[in-house]
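Let me begin by presenting the structure, written as structure tokens, before commenting on it.
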Amino acid sequence: MVLLRDREAAVSRIRSWWQFAAGCFLPVGAAACLAFGKEFADVGDWAWFLGGIVQLLAIGAIQYAEKRRRGFEHDAADRLRVAMKDALQPLAGLIAAMPGMNKSERAAQLRCVAIQANGALKLLLHNVDRLRAVVYEMVAADGTMKRIDYVGRGGKPPEPFVPGTPRGDLAIAMVRDGETKFAPDIDREPPENYEGSRKGYKTFISAAIKNGEDGYGMVTVDAPNAGDLVDTDKQIVMLVADLLAIAFAERERG
């Protein structure tokens, strides 16, 4: 499977080589055509001259298109920065308020943090069709991982990860090891020892919520269309998991 990021890299390389070739040969070709047709003695001279003009226009069009492309990329980068601020600043604010709370208040605040984390993921990954985001917590009593909150596609809520089952044991081990799993297409390239349900999704990213030796749970996003999640999205999910780890650790503080 050719991932989206691979296609983008290939297109970028082709565009760079094409622009290099055009930049080298079109000016030379235009100059040659204008030189051959400068006498305007017959139809052939006019053909050379007009050919040179066409090549000069092509150079201008290429330069204009490249300027517009760079402008669009700059605008996209600006939009990403704004989205990061809009998504993560409220999340950071909720976490920053926790040290001034007592233990019961911090426990209640953690749910607010989880809700905001899912909202941040939806905002940052808004271009992913029918994205679902879930925050799980590992319950100390039996080690089951239960959802705190989820947002996205409707239907049956995400199921817990139960110890003693293949699906549960693998997910819980992933949290304890502090791992992140990314499957661009679970039908073609399932992760090693994958035991997920595959119900309603074809791509997913799961990141452990862990602080030092303490594994608290997992944040995961998934989507129904293979290839809709890319490596950049994995970095975003991992960042949100790190922020959640701070909130979990603060909740556990005595």
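The way I read the labels, and the way they are meant: chains A, B, ... in the order of the structure tokens, residue 1 as the first residue of every chain, and ligand 1 as the first ligand shown, with later ones counted on from there.
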Quiz prompt | Surrounding residues of Leu239 of chain A excluding itself and chain neighbours under 5 positions, 10 Å, only C-alpha atoms, as a PyMOL selection string | solution = chain A and resi 88+207+233-234+244-245
Quiz item: segment 110-115 of chain A: which residues within 12 Å, counting only C-alpha atoms, same-chain residues fewer than 6 positions away excluded, as a PyMOL selection string?
Solution: chain A and resi 87-99+101+103-104+121-122+133-137+147-152+209+216-220+240-241+243-252
Quiz prompt | Spatial neighbours of segment 159-174 of chain A, max dist 9 Å, only C-alpha atoms, sep filter under 2 positions, as a list of chain:residue names | solution =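 In the requested form, the answer reads A:Tyr136, A:Met138, A:Asp142, A:Gly143, A:Thr144, A:Met145, A:Lys146, A:Arg147, A:Lys156, A:Pro157, A:Arg176, A:Asp177, A:Gly178, A:Glu179, A:Thr180, A:Lys181, A:Asn193, A:Tyr194, A:Glu195, A:Gly196, A:Ser197, A:Ala207, A:Ala208, A:Gly215, A:Gly217, A:Met218.
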Exercise. Could you tell me which of A:Lys199, A:Arg188, A:Lys210, A:Arg106 comes closest to Pro158 of chain A if we count only C-alpha atoms?
Key: A:Lys199
Practice problem: Go through segment 113-201 of chain A and collect every residue that DSSP, computed from the backbone, puts in strand (DSSP E); the answer should be as a PyMOL selection string. | Solution: chain A and resi 132-138+145-151+180-183
Quiz item: From the set A:Asn127, A:Asn211, A:Asn225, A:Gln116, which residue has the shortest atom-to-atom contact distance to Ile186 of chain A, counting only C-alpha atoms?
Solution: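 That would be A:Asn225, the residue with the smallest distance to Ile186 of chain A.
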Exercise. Write out as a PyMOL selection string which residues come within 7 Å of Lys202 of chain A when counting only C-alpha atoms, dropping same-chain ones fewer than 2 positions away.
Key: chain A and resi 185-187+198+204+223-226
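In this comparison, which uses only C-alpha atoms, the residue of A:Gly154, A:Val139, A:Gly200, A:Gly227 approaching Phe182 of chain A most closely is A:Gly227.
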Quiz prompt | Interatomic distance (Å, one decimal) between atom CA of Val221 of chain A and atom CA of Val237 of chain A | solution = 7.8 Å
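With atom CA of Asp129 of chain A on one side and atom CA of Arg153 of chain A on the other, the separation reads 9.7 Å.
Put simply, atom CA of Leu124 of chain A is 9.1 Å away from atom CA of Asp86 of chain A.
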